[in-house]
Structures are given as structure tokens and as C-alpha cells.
Amino acid sequence: LFERCGVSPFGKGIAVTDRTKNILKNLLALVIGLGLLCTLLCGAELFLRFRAHEDPKDNHKDFFSYVPELGWQIKENYSGHHRLRVGTEEIFSVHYEFDAHHRRITPVTDADMRQKATLFFGCSFVFGFGVEQEDTLPAFFSRDCTSLLPINFGSPGYGPQHMWLQIQHPDFFASVPREKGIILYGFIDDHLSRLMGEPNMVANWGPRLPWLDISEEGVIYKGLMKDRESVFTALRQKLMRLHTGRFILNRLSLLPVAPYTEEEALQMLVWLLSDVKRKVNELLPGYDLVVFAYPGALRAAGLGDALEKTGIPFCNYSRLYDGQEAALGQYYYADAPPNPWGHPKPATYEKVAALLAKDLAEYCGGDENTIGDTL
């Protein structure tokens with residue numbers, strides 16, 4: 001009727017040409033299409049969120065604070081519980097206590113009698129993610145090596161670049177209680193991606209990792225990993241926050257491969273550790289740097305070969321559990337799906353501490369002169 005009379009339904013006496021009707025139809029189709037697309041995306045997001053119900057859920061953000069250079073650090077003088085669940089299963093519920101220098105407190109007997117110290121640096125494996133105060137690696141080591149006072153500088157998520165920054169912090173000397181001792185850095189494979197800023201990892205959780213310019217001549221602090229990222233990487237990082245975004249990026253192969261080789265990453269780590277050794281000799285001449293690899297570190301052999309020319313002692317425990325795959329549940333939590341195993345249980349720390357005490361027996365002696373004369 002409207003067409004026969006030449007009258008538009010949208011206004012009295014307004015004629016609608018064929019071109020206008022086509023435009024309106026296309027707009028309506030576009031609106032309907034966008035509505036369907038949004039409905040599908042929302043449905044996909046809900047579906048993927050439901051499927052991801054077994055992702056770990058915990059309260060680790062309760063004991064972190066963001067800081068400029070390090071990116072983050074554990075809070076000072078904190079005391080509280082850390083609980084982690086995967087699905088409906090509680091993986092652990094443990095208590096943490098930190099001191100005024102942002103370090104996890106290590107319970108030690110006869111602390112005043114220990115005239116030398118062990119400064120532990122590293123990530124959650126040094127920190128003791130998921131274990132009680134008395135079950136961390138430094139705590140077990142203190143019972144096997146009774147002449148050294150353990151100090152825990154580890155923090156979840158840290159890479160080797162954090163050690164380089166920590167030893168140069170103005171408050172570092174105030175947190176070192178002895179003039180002589182050893183510095184222990186514990187290596188896992190993930191430290192390479194954290195040091196190099198592997199794009200997938202940065203987009204997923206690591207934009208606040210420190211960014212260093214590393215060469216044979218030295219190391220320069222450049223900022224945080226997020227400061228070096230492109231616009232495309234920033235967009236990818238936002239998409240990674242959504243389950244749908246991660247699904248699309250994976251299916252379209254938009255998550256780039258690491259822009260470095262394993263050899264390049266190991267070389268960067270060795271240059272960094274060499275610079276740490278130089279700075280330790282300048283700032284803490286009574287200390288020696290020792291590197292060790294945790295069980296399961298597949299890149300440990302390559303790191304050991306690369307460290308040979310540096311004079312930095314290296315203890316390789318990467319193959320401790322070879323042939324014991326069926327028993328790994330005794331030594332690791334299942335807290336990192338889809339990987340079968342995640343953070344170590346106390347049994348692993350106890351074994352590694354015993355091996356360290358054996359390999360560093362001369363350091364563990366009561367004679368002051370043993371420091372610097374071993375290995």
C-alpha cells in the first residue's frame with residue numbers, strides 16, 4: 001500500500017527510492033549480522049570459560065606489590081595464607097611470612113652462630129611457592145649446611161634479570177647480614193623466556209618483567225618488557241585476556257614464535273651472569289657466585305657448557321628424576337595445567353638442598369678461610 005501510494009512508512013509524504021530501500025535493507029542485515037556475531041562471541045567466551053574451569057585459582061596477588069624497576073616484589077612485613085585450587089581440588093594451603101626487606105623469612109637455628117651467609121636468588125622455586133616456611137629450599141639447606149645463614153631473595157615469576165637488579169638496589173647491602181658467603185642462583189628453563197621477553201609469555205602474564213640490553217661489554221636497564229612492545233603486541237596482549245581471544249590467536253597462528261634461538265638465549269644469560277659476578281666482586285668481595293640447575297631443566301647441559309669459560313661454578317641437578325617419571329607426583333604439585341607437574345613439593349627441595357650441601361661442603365665448613373677457596 002505504501003509503495004502504491006508513493007508514501008514512506010517513515011514519514012508522511014516522503015518517497016522511498018529503490019536505492020534508499022536497498023541501503024535500509026543492507027543496514028538492517030548488518031545490524032542483525034553484528035548482533036548474531038556478538039551473540040556467537042559471547043557464547044564462545046562463556047563456553048571456553050566453562051571449559052577452563054580447571055585453570056589454577058589462587059590469591060597470590062594478595063602478597064605482591066608493583067614497583068618501577070623490578071616490575072613487582074613481595075610485600076614487606078607480610079603474613080598470610082596462600083591457597084591454590086584446580087577445579088574443585090585444593091592443591092595446597094600454606095602460610096607465608098616476609099621481612100622488612102621484601103624477603104621470605106627462613107626459620108634458622110643458631111642464627112647468631114653462623115658467621116657466613118648464603119644468598120638465594122631465583123623464582124618461585126627459591127621462594128617456596130606452595131610450601132611452608134620450614135620446607136623451602138633455603139630452609140632445608142640451612143639444616144644441611146649449619147655454618148651458613150640462608151637469606152631468601154626469590155620471588156614468584158622472577159627471572160635472572162631480577163638478580164642483576166636486586167644486587168644493585170640501594171637497600172641491598174642493608175639486607176646482607178654477613179661479610180662472607182656465597183650467592184646461589186637456581187636455574188629453570190623458563191628463565192630464558194623471561195630474560196629474552198618471549199612474546200607469548202609477555203602477552204600472557206609478563207609485561208612487567210624487566211627489560212635489559214645485554215652484550216659481552218655489559219648490561220643496561222631499558223625499562224619493562226611492555227615498554228618495548230609494538231602496537232600489534234599490545235593488541236595481542238589485550239586479546240590474551242579473553243578465552244575467545246586466545247583461541248582465535250592460536251587457531252590463526254598469530255602467536256609468534258620466539259624471536260631468538262636457544263643458543264642466543266643461553267649466551268645472553270651467560271653474559272648477564274658474568275656481569276653479576278663482576279658486580280659481586282666489586283660490591284661483595286667476600287662472596288662467590290654459584291649457579292645450579294633444578295631437576296627437569298632441559299637447557300642445563302647447554303648452560304653448563306656455556307659457563308665453562310666464565311669461572312662460575314655450576315652444579316647440574318637437572319637429571320635427578322630421570323627414570324622416575326611415574327613417581328613425580330611425590331615431588332611436584334599438579335598446579336600448572338595442562339602440564340602434568342608444576343611447582344616442587346618439599347621432597348624435591350630436601351633432595352636438592354642435600355646435593356648442594358654435599359657439592360658445597362667446603363663452604364659449609366666452619367673455617368672462614370674456606371670461602372673463596374673451593375670449587
# chains A, B, ... in the order shown; residues from 1 in each chain; ligands from 1
>>> residues_around(residues="A:Pro346", least_positions_apart="4", cutoff="9 Å", atoms="only C-alpha atoms", output="ChimeraX atom specification")
/A:128,131-132,135-137,140,331-332,350-351
>>> residues_around(residues="A:Asp58", least_positions_apart="3", cutoff="7 Å", atoms="only C-alpha atoms", output="NGL selection string")
:A and (83-85)
>>> closest_atom_pairs(of="stretch 66-151 of chain A", to="stretch 269-292 of chain A", cutoff="12 Å", atoms="only C-alpha atoms", output="CSV")
residue,atom,partner,partner_atom,distance
A:Gln115,CA,A:Gly286,CA,12.0
A:Lys116,CA,A:Tyr287,CA,9.3
A:Ala117,CA,A:Tyr287,CA,8.8
A:Thr118,CA,A:Tyr287,CA,8.9
A:Leu119,CA,A:Tyr287,CA,9.3
A:Phe120,CA,A:Val290,CA,10.0
A:Phe121,CA,A:Val291,CA,9.7
A:Gly122,CA,A:Val291,CA,10.4
A:Val126,CA,A:Phe292,CA,11.5
>>> residues_around(residues="stretch 216-231 of chain A", least_positions_apart="6", cutoff="6 Å", atoms="only C-alpha atoms", output="count of residues only")
5
>>> closest_residue(among="A:Phe187, A:Ala265, A:Pro337, A:Ser193", to="A:Tyr317", atoms="only C-alpha atoms")
A:Phe187
>>> select_by_dssp(residues="stretch 36-246 of chain A", states="helix (DSSP H, G or I)", output="VMD selection string")
chain A and resid 36 to 51 60 to 63 111 to 113 124 to 127 133 to 135 137 to 144 160 to 166 173 to 175 190 to 196 199 to 204 225 to 228 231 to 239 243 to 246
>>> closest_residue(among="A:Gln133, A:Ser93, A:Thr20, A:Ser65", to="A:His81", atoms="only C-alpha atoms")
A:Ser93
>>> residues_around(residues="A:Leu70", least_positions_apart="3", cutoff="7 Å", atoms="only C-alpha atoms", output="list in words")
Val67, Gln73, His162 and Pro210 of chain A
>>> write_last_selection(atoms="N, CA, C and O atoms", output="mmCIF file, in the first residue's frame")
data_model
loop_
_atom_site.group_PDB
_atom_site.id
_atom_site.type_symbol
_atom_site.label_atom_id
_atom_site.label_comp_id
_atom_site.auth_asym_id
_atom_site.auth_seq_id
_atom_site.Cartn_x
_atom_site.Cartn_y
_atom_site.Cartn_z
ATOM 1 N N VAL A 67 56.224 -2.342 41.535
ATOM 2 C CA VAL A 67 57.290 -1.361 41.735
ATOM 3 C C VAL A 67 57.902 -1.044 40.373
ATOM 4 O O VAL A 67 57.809 -1.848 39.445
ATOM 5 N N GLN A 73 57.245 -7.006 43.472
ATOM 6 C CA GLN A 73 58.002 -7.647 44.547
ATOM 7 C C GLN A 73 57.019 -8.088 45.628
ATOM 8 O O GLN A 73 55.882 -7.612 45.681
ATOM 9 N N HIS A 162 66.238 -10.126 37.412
ATOM 10 C CA HIS A 162 65.893 -9.576 38.726
ATOM 11 C C HIS A 162 67.084 -9.630 39.673
ATOM 12 O O HIS A 162 67.292 -8.706 40.474
ATOM 13 N N PRO A 210 61.411 -7.030 33.835
ATOM 14 C CA PRO A 210 62.441 -6.060 33.448
ATOM 15 C C PRO A 210 63.042 -6.376 32.076
ATOM 16 O O PRO A 210 63.241 -7.539 31.722
#
>>> residues_around(residues="A:Leu356", least_positions_apart="4", cutoff="8 Å", atoms="only C-alpha atoms", output="PyMOL selection string")
chain A and resi 141+315+352+360
>>> write_last_selection(atoms="C-alpha atoms", output="tab-separated table (two decimals), in the first residue's frame")
chain	number	residue	atom	x	y	z
A	141	PHE	CA	69.84	-26.09	53.12
A	315	CYS	CA	76.00	-27.70	39.79
A	352	VAL	CA	68.32	-30.50	46.08
A	360	LEU	CA	79.48	-27.04	48.58
>>> closest_residue(among="A:Val202, A:Ala326, A:Leu192, A:Val108", to="A:Leu298", atoms="only C-alpha atoms")
A:Leu192
>>> atom_distance(atom1="atom CA of A:Met113", atom2="atom CA of A:Arg143")
13.5 Å
>>> decode(residues="stretch 302-344 of chain A", atoms="N, CA and C atoms", output="compact mmCIF listing (two decimals), in the first residue's frame")
# COMPACT_ATOMS: atom_id res chain seq x y z
N GLY A 302 73.44 -27.26 28.22
CA GLY A 302 73.93 -26.17 27.40
C GLY A 302 74.42 -25.00 28.23
N LEU A 303 73.75 -24.72 29.33
CA LEU A 303 74.19 -23.65 30.22
C LEU A 303 75.54 -24.00 30.85
N GLY A 304 75.69 -25.25 31.27
CA GLY A 304 76.96 -25.67 31.86
C GLY A 304 78.11 -25.51 30.90
N ASP A 305 77.88 -25.90 29.62
CA ASP A 305 78.93 -25.74 28.61
C ASP A 305 79.27 -24.27 28.40
N ALA A 306 78.24 -23.44 28.38
CA ALA A 306 78.47 -22.01 28.12
C ALA A 306 79.16 -21.31 29.30
N LEU A 307 78.98 -21.86 30.51
CA LEU A 307 79.58 -21.24 31.70
C LEU A 307 81.03 -21.64 31.92
N GLU A 308 81.53 -22.61 31.19
CA GLU A 308 82.86 -23.15 31.46
C GLU A 308 83.95 -22.08 31.43
N LYS A 309 83.84 -21.15 30.48
CA LYS A 309 84.90 -20.15 30.31
C LYS A 309 84.79 -18.99 31.29
N THR A 310 83.71 -18.94 32.05
CA THR A 310 83.48 -17.78 32.92
C THR A 310 84.09 -17.93 34.31
N GLY A 311 84.40 -19.17 34.70
CA GLY A 311 84.89 -19.40 36.05
C GLY A 311 83.79 -19.43 37.09
N ILE A 312 82.53 -19.46 36.65
CA ILE A 312 81.40 -19.53 37.58
C ILE A 312 81.09 -21.00 37.83
N PRO A 313 81.17 -21.49 39.06
CA PRO A 313 80.85 -22.90 39.35
C PRO A 313 79.40 -23.22 39.01
N PHE A 314 79.19 -24.44 38.49
CA PHE A 314 77.86 -24.85 38.06
C PHE A 314 77.57 -26.25 38.57
N CYS A 315 76.45 -26.40 39.28
CA CYS A 315 76.00 -27.70 39.79
C CYS A 315 74.74 -28.09 39.03
N ASN A 316 74.79 -29.22 38.35
CA ASN A 316 73.69 -29.63 37.47
C ASN A 316 72.92 -30.78 38.10
N TYR A 317 71.68 -30.48 38.55
CA TYR A 317 70.81 -31.50 39.13
C TYR A 317 69.61 -31.79 38.22
N SER A 318 69.75 -31.43 36.95
CA SER A 318 68.61 -31.49 36.04
C SER A 318 68.11 -32.92 35.81
N ARG A 319 68.95 -33.90 35.99
CA ARG A 319 68.55 -35.28 35.69
C ARG A 319 68.30 -36.09 36.96
N LEU A 320 68.01 -35.41 38.03
CA LEU A 320 67.81 -36.08 39.32
C LEU A 320 66.70 -37.12 39.25
N TYR A 321 65.64 -36.84 38.49
CA TYR A 321 64.48 -37.73 38.47
C TYR A 321 64.38 -38.52 37.17
N ASP A 322 65.46 -38.62 36.43
CA ASP A 322 65.43 -39.44 35.22
C ASP A 322 65.04 -40.87 35.57
N GLY A 323 64.09 -41.41 34.82
CA GLY A 323 63.64 -42.77 35.07
C GLY A 323 62.62 -42.91 36.18
N GLN A 324 62.24 -41.78 36.80
CA GLN A 324 61.28 -41.82 37.90
C GLN A 324 59.98 -41.09 37.54
N GLU A 325 59.67 -41.03 36.27
CA GLU A 325 58.51 -40.26 35.82
C GLU A 325 57.22 -40.70 36.53
N ALA A 326 57.08 -41.98 36.79
CA ALA A 326 55.85 -42.47 37.42
C ALA A 326 55.71 -42.00 38.86
N ALA A 327 56.81 -41.57 39.47
CA ALA A 327 56.78 -41.16 40.87
C ALA A 327 56.84 -39.65 41.05
N LEU A 328 56.71 -38.89 39.97
CA LEU A 328 56.89 -37.43 40.08
C LEU A 328 55.82 -36.76 40.94
N GLY A 329 54.69 -37.43 41.13
CA GLY A 329 53.66 -36.87 42.00
C GLY A 329 54.13 -36.71 43.43
N GLN A 330 55.17 -37.43 43.82
CA GLN A 330 55.73 -37.27 45.17
C GLN A 330 56.55 -36.00 45.29
N TYR A 331 57.00 -35.48 44.14
CA TYR A 331 57.97 -34.39 44.14
C TYR A 331 57.44 -33.07 43.59
N TYR A 332 56.29 -33.11 42.89
CA TYR A 332 55.76 -31.88 42.29
C TYR A 332 54.25 -31.80 42.46
N TYR A 333 53.76 -30.57 42.60
CA TYR A 333 52.32 -30.33 42.60
C TYR A 333 51.78 -30.37 41.17
N ALA A 334 50.54 -30.76 41.03
CA ALA A 334 49.84 -30.68 39.74
C ALA A 334 49.10 -29.35 39.70
N ASP A 335 49.86 -28.26 39.69
CA ASP A 335 49.26 -26.92 39.81
C ASP A 335 49.46 -26.07 38.57
N ALA A 336 49.86 -26.68 37.46
CA ALA A 336 50.14 -25.90 36.26
C ALA A 336 49.56 -26.56 35.01
N PRO A 337 48.25 -26.87 35.00
CA PRO A 337 47.67 -27.50 33.80
C PRO A 337 47.82 -26.57 32.59
N PRO A 338 48.01 -27.13 31.39
CA PRO A 338 47.90 -28.55 31.04
C PRO A 338 49.16 -29.37 31.34
N ASN A 339 50.22 -28.74 31.84
CA ASN A 339 51.41 -29.51 32.21
C ASN A 339 51.07 -30.45 33.37
N PRO A 340 51.58 -31.66 33.36
CA PRO A 340 51.22 -32.61 34.42
C PRO A 340 51.77 -32.19 35.79
N TRP A 341 52.93 -31.52 35.79
CA TRP A 341 53.53 -31.14 37.07
C TRP A 341 53.95 -29.69 37.04
N GLY A 342 53.96 -29.07 38.21
CA GLY A 342 54.29 -27.66 38.31
C GLY A 342 55.38 -27.38 39.33
N HIS A 343 54.99 -26.78 40.46
CA HIS A 343 55.97 -26.38 41.45
C HIS A 343 56.40 -27.56 42.34
N PRO A 344 57.64 -27.52 42.81
CA PRO A 344 58.15 -28.62 43.63
C PRO A 344 57.45 -28.72 44.99
